[in-house]
$ cat input01.pdb   # PDB, C-alpha atoms and all ligand atoms
ATOM      1  CA  MET A   1      13.610  67.931  87.832
ATOM      2  CA  SER A   2      11.391  70.935  88.332
ATOM      3  CA  ASN A   3      11.892  72.937  91.523
ATOM      4  CA  ARG A   4       8.709  74.801  92.301
ATOM      5  CA  GLY A   5       7.749  75.803  95.793
ATOM      6  CA  THR A   6       8.807  77.863  98.728
ATOM      7  CA  ILE A   7      12.113  79.640  98.415
ATOM      8  CA  HIS A   8      13.770  79.934 101.789
ATOM      9  CA  LYS A   9      17.493  80.187 101.098
ATOM     10  CA  ALA A  10      19.253  83.278  99.779
ATOM     11  CA  VAL A  11      22.807  83.660  98.552
ATOM     12  CA  ILE A  12      24.336  87.121  98.882
ATOM     13  CA  PRO A  13      27.720  87.605  97.186
ATOM     14  CA  VAL A  14      29.760  90.244  99.029
ATOM     15  CA  ALA A  15      33.328  89.485  98.002
ATOM     16  CA  GLY A  16      33.754  92.510  95.699
ATOM     17  CA  LEU A  17      36.589  94.953  96.331
ATOM     18  CA  GLY A  18      34.477  98.101  96.049
ATOM     19  CA  THR A  19      37.057  99.907  93.919
ATOM     20  CA  ARG A  20      34.419 102.338  92.616
ATOM     21  CA  PHE A  21      34.126 103.724  96.140
ATOM     22  CA  LEU A  22      37.760 104.118  97.162
ATOM     23  CA  PRO A  23      39.124 105.460  99.448
ATOM     24  CA  ALA A  24      36.001 104.854 101.602
ATOM     25  CA  THR A  25      36.278 101.129 100.912
ATOM     26  CA  LYS A  26      39.992 100.730 101.593
ATOM     27  CA  ALA A  27      39.404  99.172 105.021
ATOM     28  CA  THR A  28      35.583  98.996 105.099
ATOM     29  CA  PRO A  29      33.562  96.664 102.880
ATOM     30  CA  LYS A  30      31.384  98.588 100.442
ATOM     31  CA  GLU A  31      28.335  96.718 101.735
ATOM     32  CA  MET A  32      28.923  98.283 105.162
ATOM     33  CA  LEU A  33      28.703 101.900 103.971
ATOM     34  CA  PRO A  34      25.820 103.515 105.851
ATOM     35  CA  VAL A  35      22.586 104.427 104.130
ATOM     36  CA  VAL A  36      21.261 106.854 106.775
ATOM     37  CA  ASP A  37      21.910 104.742 109.902
ATOM     38  CA  LYS A  38      22.086 101.158 108.644
ATOM     39  CA  PRO A  39      24.739  99.566 106.471
ATOM     40  CA  ALA A  40      23.534  98.990 102.912
ATOM     41  CA  ILE A  41      23.705  95.209 103.365
ATOM     42  CA  GLN A  42      21.192  95.318 106.233
ATOM     43  CA  TYR A  43      18.492  96.627 103.870
ATOM     44  CA  VAL A  44      19.251  93.741 101.500
ATOM     45  CA  VAL A  45      18.998  91.120 104.254
ATOM     46  CA  GLU A  46      15.808  92.712 105.621
ATOM     47  CA  GLU A  47      14.301  92.650 102.131
ATOM     48  CA  ALA A  48      15.061  88.922 101.829
ATOM     49  CA  VAL A  49      13.648  88.167 105.282
ATOM     50  CA  ALA A  50      10.491  90.191 104.552
ATOM     51  CA  ALA A  51       9.952  87.947 101.513
ATOM     52  CA  GLY A  52      10.175  84.761 103.626
ATOM     53  CA  ILE A  53      13.890  83.918 103.445
ATOM     54  CA  ASN A  54      15.120  82.322 106.686
ATOM     55  CA  ASP A  55      18.593  81.182 105.641
ATOM     56  CA  VAL A  56      21.279  83.458 104.212
ATOM     57  CA  LEU A  57      24.641  82.412 102.802
ATOM     58  CA  PHE A  58      27.102  85.261 102.324
ATOM     59  CA  VAL A  59      29.858  84.592  99.817
ATOM     60  CA  THR A  60      32.613  86.701 101.341
ATOM     61  CA  GLY A  61      36.217  87.601 100.719
ATOM     62  CA  ARG A  62      39.032  89.295 102.587
ATOM     63  CA  ASN A  63      38.176  92.279 104.732
ATOM     64  CA  LYS A  64      34.573  91.304 105.459
ATOM     65  CA  ASP A  65      34.886  90.714 109.232
ATOM     66  CA  SER A  66      32.814  93.792 110.042
ATOM     67  CA  LEU A  67      29.941  92.389 107.982
ATOM     68  CA  GLU A  68      30.035  89.129 109.946
ATOM     69  CA  ASN A  69      30.175  91.082 113.197
ATOM     70  CA  HIS A  70      27.187  93.165 112.156
ATOM     71  CA  PHE A  71      24.945  90.092 111.951
ATOM     72  CA  ASP A  72      26.280  88.565 115.172
ATOM     73  CA  ARG A  73      25.500  89.220 118.853
ATOM     74  CA  ALA A  74      27.612  91.910 120.527
ATOM     75  CA  PRO A  75      27.353  91.082 124.273
ATOM     76  CA  SER A  76      29.368  93.985 125.689
ATOM     77  CA  LEU A  77      27.634  96.597 123.512
ATOM     78  CA  GLU A  78      24.248  95.115 124.385
ATOM     79  CA  ARG A  79      25.159  95.224 128.114
ATOM     80  CA  THR A  80      26.268  98.845 127.875
ATOM     81  CA  LEU A  81      23.056  99.852 126.132
ATOM     82  CA  ALA A  82      20.998  98.031 128.789
ATOM     83  CA  GLU A  83      22.933  99.773 131.591
ATOM     84  CA  ARG A  84      22.131 103.098 129.972
ATOM     85  CA  GLY A  85      18.465 102.198 129.680
ATOM     86  CA  ALA A  86      18.614 102.203 125.849
ATOM     87  CA  PHE A  87      16.460  99.077 125.671
ATOM     88  CA  GLU A  88      14.958  99.756 122.267
ATOM     89  CA  MET A  89      18.379 100.069 120.644
ATOM     90  CA  GLN A  90      19.602  97.063 122.609
ATOM     91  CA  SER A  91      16.911  94.840 121.149
ATOM     92  CA  GLU A  92      17.371  96.321 117.660
ATOM     93  CA  ILE A  93      21.072  95.454 117.864
ATOM     94  CA  SER A  94      20.575  91.935 119.227
ATOM     95  CA  GLU A  95      17.790  91.078 116.749
ATOM     96  CA  LEU A  96      20.202  91.545 113.850
ATOM     97  CA  ALA A  97      21.685  88.164 114.740
ATOM     98  CA  ASP A  98      18.257  86.522 114.585
ATOM     99  CA  LEU A  99      17.057  87.915 111.254
ATOM    100  CA  ALA A 100      17.861  84.572 109.611
ATOM    101  CA  ALA A 101      20.304  81.696 109.972
ATOM    102  CA  MET A 102      23.506  83.330 108.692
ATOM    103  CA  HIS A 103      26.213  81.310 106.972
ATOM    104  CA  TYR A 104      29.483  82.304 105.359
ATOM    105  CA  VAL A 105      31.663  80.814 102.675
ATOM    106  CA  ARG A 106      34.858  82.421 101.366
ATOM    107  CA  GLN A 107      35.319  82.919  97.645
ATOM    108  CA  GLY A 108      39.113  82.859  97.873
ATOM    109  CA  VAL A 109      39.919  84.193  94.426
ATOM    110  CA  PRO A 110      37.475  86.724  92.954
ATOM    111  CA  MET A 111      36.652  85.135  89.599
ATOM    112  CA  GLY A 112      33.293  86.763  88.942
ATOM    113  CA  LEU A 113      29.661  86.626  90.034
ATOM    114  CA  GLY A 114      29.092  83.178  88.502
ATOM    115  CA  HIS A 115      32.050  81.847  90.462
ATOM    116  CA  ALA A 116      30.693  83.430  93.667
ATOM    117  CA  VAL A 117      27.308  81.744  93.155
ATOM    118  CA  SER A 118      28.980  78.403  92.413
ATOM    119  CA  MET A 119      30.461  78.519  95.936
ATOM    120  CA  ALA A 120      26.904  78.063  97.278
ATOM    121  CA  LYS A 121      26.394  74.621  95.723
ATOM    122  CA  GLU A 122      26.843  72.511  98.876
ATOM    123  CA  HIS A 123      24.778  74.836 101.022
ATOM    124  CA  VAL A 124      21.880  75.252  98.609
ATOM    125  CA  GLY A 125      21.397  71.587  97.696
ATOM    126  CA  ASN A 126      18.667  70.720  95.224
ATOM    127  CA  GLN A 127      16.206  73.562  95.719
ATOM    128  CA  ALA A 128      15.541  76.781  93.874
ATOM    129  CA  PHE A 129      17.191  79.657  95.746
ATOM    130  CA  ALA A 130      17.348  83.440  95.701
ATOM    131  CA  VAL A 131      20.416  85.526  94.904
ATOM    132  CA  LEU A 132      20.553  89.145  96.041
ATOM    133  CA  LEU A 133      23.436  91.385  95.038
ATOM    134  CA  GLY A 134      24.665  93.472  97.958
ATOM    135  CA  ASP A 135      25.085  96.607  95.815
ATOM    136  CA  ASP A 136      21.496  96.701  94.631
ATOM    137  CA  LEU A 137      19.071  98.370  96.982
ATOM    138  CA  VAL A 138      15.385  97.913  96.187
ATOM    139  CA  ASP A 139      13.048 100.364  97.906
ATOM    140  CA  ALA A 140      11.114  98.457 100.597
ATOM    141  CA  LYS A 141       7.894 100.160  99.451
ATOM    142  CA  THR A 142       8.150  98.452  96.054
ATOM    143  CA  PRO A 143       9.534  94.959  96.733
ATOM    144  CA  VAL A 144      10.175  92.621  93.813
ATOM    145  CA  LEU A 145      11.042  89.293  95.492
ATOM    146  CA  PRO A 146       7.429  88.319  96.345
ATOM    147  CA  ASP A 147       6.432  88.662  92.673
ATOM    148  CA  MET A 148       9.498  86.653  91.645
ATOM    149  CA  PHE A 149       8.668  83.871  94.101
ATOM    150  CA  ALA A 150       5.072  83.780  92.808
ATOM    151  CA  ALA A 151       6.354  83.618  89.224
ATOM    152  CA  GLN A 152       8.671  80.752  90.142
ATOM    153  CA  ALA A 153       5.759  78.833  91.710
ATOM    154  CA  LYS A 154       3.795  79.319  88.471
ATOM    155  CA  PHE A 155       6.437  78.850  85.767
ATOM    156  CA  GLY A 156       9.209  76.880  87.544
ATOM    157  CA  GLY A 157      12.763  77.293  86.271
ATOM    158  CA  SER A 158      14.594  80.524  87.041
ATOM    159  CA  ILE A 159      13.208  84.038  87.440
ATOM    160  CA  LEU A 160      15.046  87.320  86.833
ATOM    161  CA  ALA A 161      14.107  90.890  87.671
ATOM    162  CA  LEU A 162      14.363  93.258  84.716
ATOM    163  CA  MET A 163      14.194  97.018  84.667
ATOM    164  CA  GLU A 164      13.998  99.400  81.737
ATOM    165  CA  VAL A 165      17.073 101.630  81.618
ATOM    166  CA  PRO A 166      18.072 104.424  79.206
ATOM    167  CA  GLU A 167      19.830 103.060  76.118
ATOM    168  CA  ASP A 168      23.145 104.664  77.079
ATOM    169  CA  GLN A 169      23.133 102.718  80.369
ATOM    170  CA  ILE A 170      22.432  99.181  79.155
ATOM    171  CA  HIS A 171      26.128  98.382  78.613
ATOM    172  CA  LEU A 172      26.510  98.426  82.423
ATOM    173  CA  TYR A 173      24.137  95.482  82.920
ATOM    174  CA  GLY A 174      23.121  92.031  81.846
ATOM    175  CA  CYS A 175      20.547  92.569  79.097
ATOM    176  CA  ALA A 176      17.551  90.374  78.160
ATOM    177  CA  ALA A 177      15.514  89.824  75.016
ATOM    178  CA  VAL A 178      11.987  88.784  75.992
ATOM    179  CA  VAL A 179       8.557  87.774  74.727
ATOM    180  CA  PRO A 180       5.300  88.534  76.572
ATOM    181  CA  THR A 181       3.282  86.076  78.655
ATOM    182  CA  ASP A 182      -0.414  86.386  79.507
ATOM    183  CA  ASN A 183       0.646  88.384  82.574
ATOM    184  CA  PRO A 184       1.728  91.960  81.603
ATOM    185  CA  ASP A 185       4.338  92.049  84.406
ATOM    186  CA  ILE A 186       5.986  88.717  83.511
ATOM    187  CA  VAL A 187       7.971  87.981  80.366
ATOM    188  CA  ARG A 188       9.748  84.922  79.026
ATOM    189  CA  VAL A 189      13.460  85.451  78.478
ATOM    190  CA  THR A 190      14.764  84.357  75.070
ATOM    191  CA  GLU A 191      18.303  85.747  75.136
ATOM    192  CA  LEU A 192      20.741  87.103  77.726
ATOM    193  CA  VAL A 193      23.922  89.087  77.109
ATOM    194  CA  GLU A 194      26.288  90.324  79.810
ATOM    195  CA  LYS A 195      27.123  94.017  79.380
ATOM    196  CA  PRO A 196      26.508  94.315  75.623
ATOM    197  CA  ALA A 197      28.781  96.657  73.666
ATOM    198  CA  ALA A 198      27.220  99.939  72.512
ATOM    199  CA  GLY A 199      24.707  99.431  69.738
ATOM    200  CA  THR A 200      24.441  95.636  70.158
ATOM    201  CA  ALA A 201      21.964  95.323  73.052
ATOM    202  CA  PRO A 202      18.894  93.215  72.222
ATOM    203  CA  SER A 203      16.664  95.511  74.360
ATOM    204  CA  ASN A 204      16.802  98.167  77.057
ATOM    205  CA  LEU A 205      15.790  95.660  79.744
ATOM    206  CA  ALA A 206      18.539  95.402  82.360
ATOM    207  CA  VAL A 207      19.001  92.507  84.762
ATOM    208  CA  ILE A 208      18.936  93.878  88.297
ATOM    209  CA  GLY A 209      20.536  92.148  91.255
ATOM    210  CA  ARG A 210      17.669  89.871  92.317
ATOM    211  CA  TYR A 211      17.418  86.307  91.004
ATOM    212  CA  VAL A 212      15.544  83.090  91.721
ATOM    213  CA  ILE A 213      17.682  80.298  90.334
ATOM    214  CA  ASP A 214      17.182  76.618  89.678
ATOM    215  CA  PRO A 215      19.998  74.445  91.123
ATOM    216  CA  ALA A 216      20.675  73.192  87.579
ATOM    217  CA  ILE A 217      22.834  76.353  87.396
ATOM    218  CA  PHE A 218      25.592  74.693  89.436
ATOM    219  CA  SER A 219      26.684  72.122  86.873
ATOM    220  CA  LEU A 220      26.518  74.801  84.163
ATOM    221  CA  LEU A 221      28.745  77.100  86.220
ATOM    222  CA  GLU A 222      31.277  74.321  86.783
ATOM    223  CA  ASN A 223      31.786  73.909  83.057
ATOM    224  CA  LEU A 224      31.566  77.550  82.050
ATOM    225  CA  ALA A 225      34.424  79.278  80.247
ATOM    226  CA  PRO A 226      35.291  82.809  81.392
ATOM    227  CA  GLY A 227      33.114  85.420  79.701
ATOM    228  CA  ARG A 228      33.046  89.214  79.720
ATOM    229  CA  GLY A 229      36.058  90.683  81.556
ATOM    230  CA  GLY A 230      37.627  87.205  81.804
ATOM    231  CA  GLU A 231      35.214  86.373  84.646
ATOM    232  CA  ILE A 232      32.806  83.463  85.199
ATOM    233  CA  GLN A 233      29.558  85.277  84.459
ATOM    234  CA  LEU A 234      26.269  84.310  86.104
ATOM    235  CA  THR A 235      24.477  85.788  83.079
ATOM    236  CA  ASP A 236      26.187  83.264  80.754
ATOM    237  CA  ALA A 237      25.069  80.285  82.862
ATOM    238  CA  LEU A 238      21.521  81.695  83.032
ATOM    239  CA  ALA A 239      21.609  82.047  79.240
ATOM    240  CA  SER A 240      22.308  78.303  78.979
ATOM    241  CA  LEU A 241      19.224  77.586  81.123
ATOM    242  CA  ILE A 242      16.933  79.348  78.625
ATOM    243  CA  ASP A 243      16.755  76.475  76.149
ATOM    244  CA  MET A 244      17.103  73.591  78.581
ATOM    245  CA  PRO A 245      13.984  71.445  79.093
ATOM    246  CA  ALA A 246      11.822  72.242  82.117
ATOM    247  CA  GLU A 247      12.388  68.695  83.487
ATOM    248  CA  SER A 248      16.100  69.502  83.748
ATOM    249  CA  GLY A 249      15.504  72.823  85.534
ATOM    250  CA  GLY A 250      15.517  74.950  82.379
ATOM    251  CA  GLY A 251      13.381  77.930  81.407
ATOM    252  CA  VAL A 252      13.909  81.565  82.389
ATOM    253  CA  HIS A 253      11.144  84.100  83.038
ATOM    254  CA  ALA A 254      11.388  87.592  84.449
ATOM    255  CA  VAL A 255       9.378  90.056  86.463
ATOM    256  CA  VAL A 256       9.476  93.560  85.035
ATOM    257  CA  PHE A 257      10.302  95.757  88.004
ATOM    258  CA  ARG A 258       8.839  99.268  88.002
ATOM    259  CA  GLY A 259       9.826 100.408  91.494
ATOM    260  CA  LYS A 260      12.829 102.282  92.848
ATOM    261  CA  ARG A 261      16.274 100.671  92.843
ATOM    262  CA  TYR A 262      19.678 102.102  93.707
ATOM    263  CA  ASP A 263      23.212 100.908  92.996
ATOM    264  CA  THR A 264      24.981 101.701  96.239
ATOM    265  CA  GLY A 265      28.320 100.907  94.615
ATOM    266  CA  ASP A 266      27.890 103.973  92.381
ATOM    267  CA  LYS A 267      28.496 107.332  94.055
ATOM    268  CA  LEU A 268      25.575 109.262  92.565
ATOM    269  CA  SER A 269      23.090 106.417  93.005
ATOM    270  CA  TYR A 270      24.334 105.916  96.579
ATOM    271  CA  LEU A 271      23.693 109.588  97.377
ATOM    272  CA  LYS A 272      20.204 109.331  95.894
ATOM    273  CA  SER A 273      19.470 106.288  98.076
ATOM    274  CA  VAL A 274      20.520 108.150 101.229
ATOM    275  CA  VAL A 275      18.409 111.217 100.399
ATOM    276  CA  SER A 276      15.379 109.239  99.301
ATOM    277  CA  ILE A 277      15.370 106.880 102.304
ATOM    278  CA  ALA A 278      15.936 109.767 104.727
ATOM    279  CA  LEU A 279      13.097 111.780 103.121
ATOM    280  CA  ASP A 280      10.755 108.836 103.676
ATOM    281  CA  ARG A 281      11.514 108.626 107.392
ATOM    282  CA  ASP A 282       9.263 110.297 109.937
ATOM    283  CA  ASP A 283      12.178 111.261 112.192
ATOM    284  CA  LEU A 284      14.297 112.894 109.457
ATOM    285  CA  GLY A 285      12.105 113.495 106.411
ATOM    286  CA  PRO A 286      10.279 116.743 107.301
ATOM    287  CA  ASP A 287      13.429 118.598 108.458
ATOM    288  CA  LEU A 288      15.554 117.296 105.585
ATOM    289  CA  ARG A 289      12.896 118.258 103.023
ATOM    290  CA  ALA A 290      12.671 121.788 104.436
ATOM    291  CA  TRP A 291      16.455 122.144 104.431
ATOM    292  CA  LEU A 292      16.830 120.745 100.904
ATOM    293  CA  THR A 293      14.158 123.090  99.568
ATOM    294  CA  SER A 294      15.885 126.144 101.045
ATOM    295  CA  TYR A 295      19.295 124.884 100.014
ATOM    296  CA  LEU A 296      18.266 124.345  96.404
ATOM    297  CA  ALA A 297      16.576 127.741  96.344
ATOM    298  CA  GLY A 298      19.955 129.233  97.279
ATOM    299  CA  LYS A 299      18.632 130.518 100.617
ATOM    300  CA  ILE A 300      21.286 128.728 102.700
TER     301      ILE A 300
HETATM  302  C1  LIG B 401      26.128  92.245  87.864
HETATM  303  C2  LIG B 401      25.665  91.293  86.760
HETATM  304  C3  LIG B 401      24.846  92.050  85.725
HETATM  305  C4  LIG B 401      23.694  92.773  86.415
HETATM  306  C5  LIG B 401      24.227  93.679  87.536
HETATM  307  C6  LIG B 401      23.063  94.268  88.338
HETATM  308  O1  LIG B 401      27.069  93.135  87.304
HETATM  309  O2  LIG B 401      26.796  90.668  86.170
HETATM  310  O3  LIG B 401      24.335  91.146  84.774
HETATM  311  O4  LIG B 401      22.987  93.520  85.466
HETATM  312  O5  LIG B 401      25.057  92.947  88.437
HETATM  313  O6  LIG B 401      23.520  95.153  89.320
HETATM  314  P1  LIG B 401      28.033  94.058  88.213
HETATM  315  O7  LIG B 401      27.217  95.256  88.589
HETATM  316  O8  LIG B 401      28.424  93.243  89.397
HETATM  317  O9  LIG B 401      29.174  94.414  87.338
END

$ encode --input "input01.pdb" --output "structure tokens" --more "lines below"
Ligand code: G1P
Amino acid sequence: MSNRGTIHKAVIPVAGLGTRFLPATKATPKEMLPVVDKPAIQYVVEEAVAAGINDVLFVTGRNKDSLENHFDRAPSLERTLAERGAFEMQSEISELADLAAMHYVRQGVPMGLGHAVSMAKEHVGNQAFAVLLGDDLVDAKTPVLPDMFAAQAKFGGSILALMEVPEDQIHLYGCAAVVPTDNPDIVRVTELVEKPAAGTAPSNLAVIGRYVIDPAIFSLLENLAPGRGGEIQLTDALASLIDMPAESGGGVHAVVFRGKRYDTGDKLSYLKSVVSIALDRDDLGPDLRAWLTSYLAGKI
């Protein structure tokens, strides 16, 4: 069955331990680390909502209570803000609970991204759905989801987002071999490899953490043997979709993303996201730019 049409559910896996960011993530989920004044995960949810998503399923693990609290009402805080006359902040805080219908499922044992996505089966049902990885921050000025949704409406099947990365970085990502379509920004995926060993990558096109996936993925994930790192890899199940007939939900295309993207689970990339987002803000940008310029010139 082909699943073209409006995508309104998103799955956001957030069960990772955040070991790359210890000790900051010992008691705080990595997705809750602030990027300027919002937790990283809020940007991801806002990106999904801006693209038309109205239903979010978080696949969580231990230690994620603060994330659930962030997207819930906080009556006493809201009351305090109202008493102080901070009405703008009060509504900003309360609206977080209304961004979308928020749902949670626990992953239990962390067995990989494919396993996390398989937990969404009951909730997603038989419709194509989006997956957004909580670590990947896509600059709101250059969104990729709308193009992916349009590609899914045109081609059906599943749609990835690919980004060119330097050759010495490709081993950190899923990697795709592709052929062109008549649209220069959309390619057909012919091969997918999760984190290829040095010198074996079929291209320098990395899979970034935005997906539109046909529900046919669920039965593939159920029967999938552990892959790279002994984990159930989403990339491996997507690879099986490539050669499946369109009537069974097969076929994988990709949008080639040329905007800005940060990996907030990586220290350097996280710092870049904070600086770049702050520089873009009217309230912080001008002063930060002036300070940075002097600082880098050695004047401070
Ligand atoms: C995951 C995926 C990988 C993808 C990456 C994007 O890896 O398995 O295919 O390229 O996200 O961020 P992770 O970064 O979770 O190891």

$ residues_near_ligand --input "input01.pdb" --ligand "ligand LIG 401 (chain B)" --cutoff "7 Å" --atoms "only C-alpha atoms and all ligand atoms" --output "ChimeraX atom specification"
/A:113,133,135-136,172-175,194-195,206-209,233-235,263

$ closest_atom_pairs --input "input01.pdb" --of "range 69-183 of chain A" --to "range 245-257 of chain A" --cutoff "8 Å" --atoms "all atoms listed in the file" --output "CSV"
residue,atom,partner,partner_atom,distance
A:Val144,CA,A:Phe257,CA,6.6
A:Asp147,CA,A:Val255,CA,7.0
A:Met148,CA,A:Val255,CA,6.2
A:Ala151,CA,A:Val255,CA,7.6
A:Phe155,CA,A:His253,CA,7.6
A:Gly156,CA,A:Gly251,CA,7.5
A:Gly157,CA,A:Gly251,CA,4.9
A:Ser158,CA,A:Val252,CA,4.8
A:Ile159,CA,A:His253,CA,4.9
A:Leu160,CA,A:Ala254,CA,4.4
A:Ala161,CA,A:Val255,CA,5.0
A:Leu162,CA,A:Val256,CA,4.9
A:Met163,CA,A:Phe257,CA,5.3

$ resolve_selection --input "input01.pdb" --expression "the PyMOL selection byres (((chain A and resi 119) around 10) and not hetatm)" --output "PDB file with C-alpha atoms, in the frame of the given file"
ATOM      1  CA  VAL A  11      22.807  83.660  98.552  1.00  0.00           C
ATOM      2  CA  PRO A  13      27.720  87.605  97.186  1.00  0.00           C
ATOM      3  CA  LEU A  57      24.641  82.412 102.802  1.00  0.00           C
ATOM      4  CA  PHE A  58      27.102  85.261 102.324  1.00  0.00           C
ATOM      5  CA  VAL A  59      29.858  84.592  99.817  1.00  0.00           C
ATOM      6  CA  VAL A 105      31.663  80.814 102.675  1.00  0.00           C
ATOM      7  CA  ARG A 106      34.858  82.421 101.366  1.00  0.00           C
ATOM      8  CA  GLN A 107      35.319  82.919  97.645  1.00  0.00           C
ATOM      9  CA  GLY A 108      39.113  82.859  97.873  1.00  0.00           C
ATOM     10  CA  GLY A 114      29.092  83.178  88.502  1.00  0.00           C
ATOM     11  CA  HIS A 115      32.050  81.847  90.462  1.00  0.00           C
ATOM     12  CA  ALA A 116      30.693  83.430  93.667  1.00  0.00           C
ATOM     13  CA  VAL A 117      27.308  81.744  93.155  1.00  0.00           C
ATOM     14  CA  SER A 118      28.980  78.403  92.413  1.00  0.00           C
ATOM     15  CA  ALA A 120      26.904  78.063  97.278  1.00  0.00           C
ATOM     16  CA  LYS A 121      26.394  74.621  95.723  1.00  0.00           C
ATOM     17  CA  GLU A 122      26.843  72.511  98.876  1.00  0.00           C
ATOM     18  CA  HIS A 123      24.778  74.836 101.022  1.00  0.00           C
ATOM     19  CA  VAL A 124      21.880  75.252  98.609  1.00  0.00           C
ATOM     20  CA  PHE A 218      25.592  74.693  89.436  1.00  0.00           C
ATOM     21  CA  LEU A 221      28.745  77.100  86.220  1.00  0.00           C
TER      22      LEU A 221
END

$ closest_residue --input "input01.pdb" --among "A:Ser276, A:Ser94, A:Thr60, A:Asn54" --to "Ile7 in chain A" --atoms "all atoms listed in the file"
A:Asn54

$ atom_distance --input "input01.pdb" --atom1 "CA of Glu167 in chain A" --atom2 "CA of Pro196 in chain A"
11.0 Å

$ closest_residue --input "input01.pdb" --among "A:Ala201, A:Ile300, A:Leu192, A:Leu99" --to "Ala237 in chain A" --atoms "all atoms listed in the file"
A:Leu192

$ closest_residue --input "input01.pdb" --among "A:Ser66, A:Ala198, A:Val131, A:Ala10" --to "Ala27 in chain A" --atoms "only C-alpha atoms"
A:Ser66

$ decode --input "input01.pdb" --residues "range 43-55 of chain A" --atoms "N, CA, C and O atoms" --output "PDB file, in the first residue's frame"
ATOM      1  N   TYR A  43      13.590  23.371  20.099  1.00  0.00           N
ATOM      2  CA  TYR A  43      13.782  23.769  18.698  1.00  0.00           C
ATOM      3  C   TYR A  43      13.296  22.655  17.762  1.00  0.00           C
ATOM      4  O   TYR A  43      12.714  22.908  16.716  1.00  0.00           O
ATOM      5  N   VAL A  44      13.575  21.413  18.154  1.00  0.00           N
ATOM      6  CA  VAL A  44      13.215  20.270  17.301  1.00  0.00           C
ATOM      7  C   VAL A  44      11.693  20.155  17.211  1.00  0.00           C
ATOM      8  O   VAL A  44      11.125  19.982  16.124  1.00  0.00           O
ATOM      9  N   VAL A  45      11.027  20.284  18.356  1.00  0.00           N
ATOM     10  CA  VAL A  45       9.556  20.198  18.363  1.00  0.00           C
ATOM     11  C   VAL A  45       8.963  21.375  17.579  1.00  0.00           C
ATOM     12  O   VAL A  45       8.042  21.204  16.777  1.00  0.00           O
ATOM     13  N   GLU A  46       9.519  22.567  17.777  1.00  0.00           N
ATOM     14  CA  GLU A  46       8.996  23.740  17.055  1.00  0.00           C
ATOM     15  C   GLU A  46       9.180  23.578  15.545  1.00  0.00           C
ATOM     16  O   GLU A  46       8.327  23.984  14.753  1.00  0.00           O
ATOM     17  N   GLU A  47      10.294  22.983  15.163  1.00  0.00           N
ATOM     18  CA  GLU A  47      10.527  22.734  13.724  1.00  0.00           C
ATOM     19  C   GLU A  47       9.444  21.797  13.171  1.00  0.00           C
ATOM     20  O   GLU A  47       8.900  22.028  12.084  1.00  0.00           O
ATOM     21  N   ALA A  48       9.138  20.743  13.914  1.00  0.00           N
ATOM     22  CA  ALA A  48       8.120  19.783  13.467  1.00  0.00           C
ATOM     23  C   ALA A  48       6.763  20.467  13.358  1.00  0.00           C
ATOM     24  O   ALA A  48       6.048  20.312  12.359  1.00  0.00           O
ATOM     25  N   VAL A  49       6.418  21.246  14.380  1.00  0.00           N
ATOM     26  CA  VAL A  49       5.112  21.919  14.403  1.00  0.00           C
ATOM     27  C   VAL A  49       5.022  22.924  13.244  1.00  0.00           C
ATOM     28  O   VAL A  49       3.993  23.012  12.561  1.00  0.00           O
ATOM     29  N   ALA A  50       6.111  23.643  12.996  1.00  0.00           N
ATOM     30  CA  ALA A  50       6.109  24.619  11.891  1.00  0.00           C
ATOM     31  C   ALA A  50       5.855  23.933  10.551  1.00  0.00           C
ATOM     32  O   ALA A  50       5.321  24.535   9.620  1.00  0.00           O
ATOM     33  N   ALA A  51       6.209  22.649  10.452  1.00  0.00           N
ATOM     34  CA  ALA A  51       6.024  21.915   9.199  1.00  0.00           C
ATOM     35  C   ALA A  51       4.642  21.245   9.138  1.00  0.00           C
ATOM     36  O   ALA A  51       4.336  20.558   8.159  1.00  0.00           O
ATOM     37  N   GLY A  52       3.822  21.415  10.176  1.00  0.00           N
ATOM     38  CA  GLY A  52       2.457  20.878  10.128  1.00  0.00           C
ATOM     39  C   GLY A  52       2.218  19.669  11.023  1.00  0.00           C
ATOM     40  O   GLY A  52       1.119  19.116  11.026  1.00  0.00           O
ATOM     41  N   ILE A  53       3.235  19.258  11.782  1.00  0.00           N
ATOM     42  CA  ILE A  53       3.050  18.130  12.706  1.00  0.00           C
ATOM     43  C   ILE A  53       2.159  18.583  13.871  1.00  0.00           C
ATOM     44  O   ILE A  53       2.369  19.656  14.434  1.00  0.00           O
ATOM     45  N   ASN A  54       1.165  17.742  14.226  1.00  0.00           N
ATOM     46  CA  ASN A  54       0.329  18.114  15.382  1.00  0.00           C
ATOM     47  C   ASN A  54       0.285  17.013  16.437  1.00  0.00           C
ATOM     48  O   ASN A  54      -0.474  17.080  17.390  1.00  0.00           O
ATOM     49  N   ASP A  55       1.118  16.004  16.258  1.00  0.00           N
ATOM     50  CA  ASP A  55       1.128  14.864  17.186  1.00  0.00           C
ATOM     51  C   ASP A  55       2.572  14.371  17.307  1.00  0.00           C
ATOM     52  O   ASP A  55       3.186  14.018  16.301  1.00  0.00           O
TER      53      ASP A  55
END
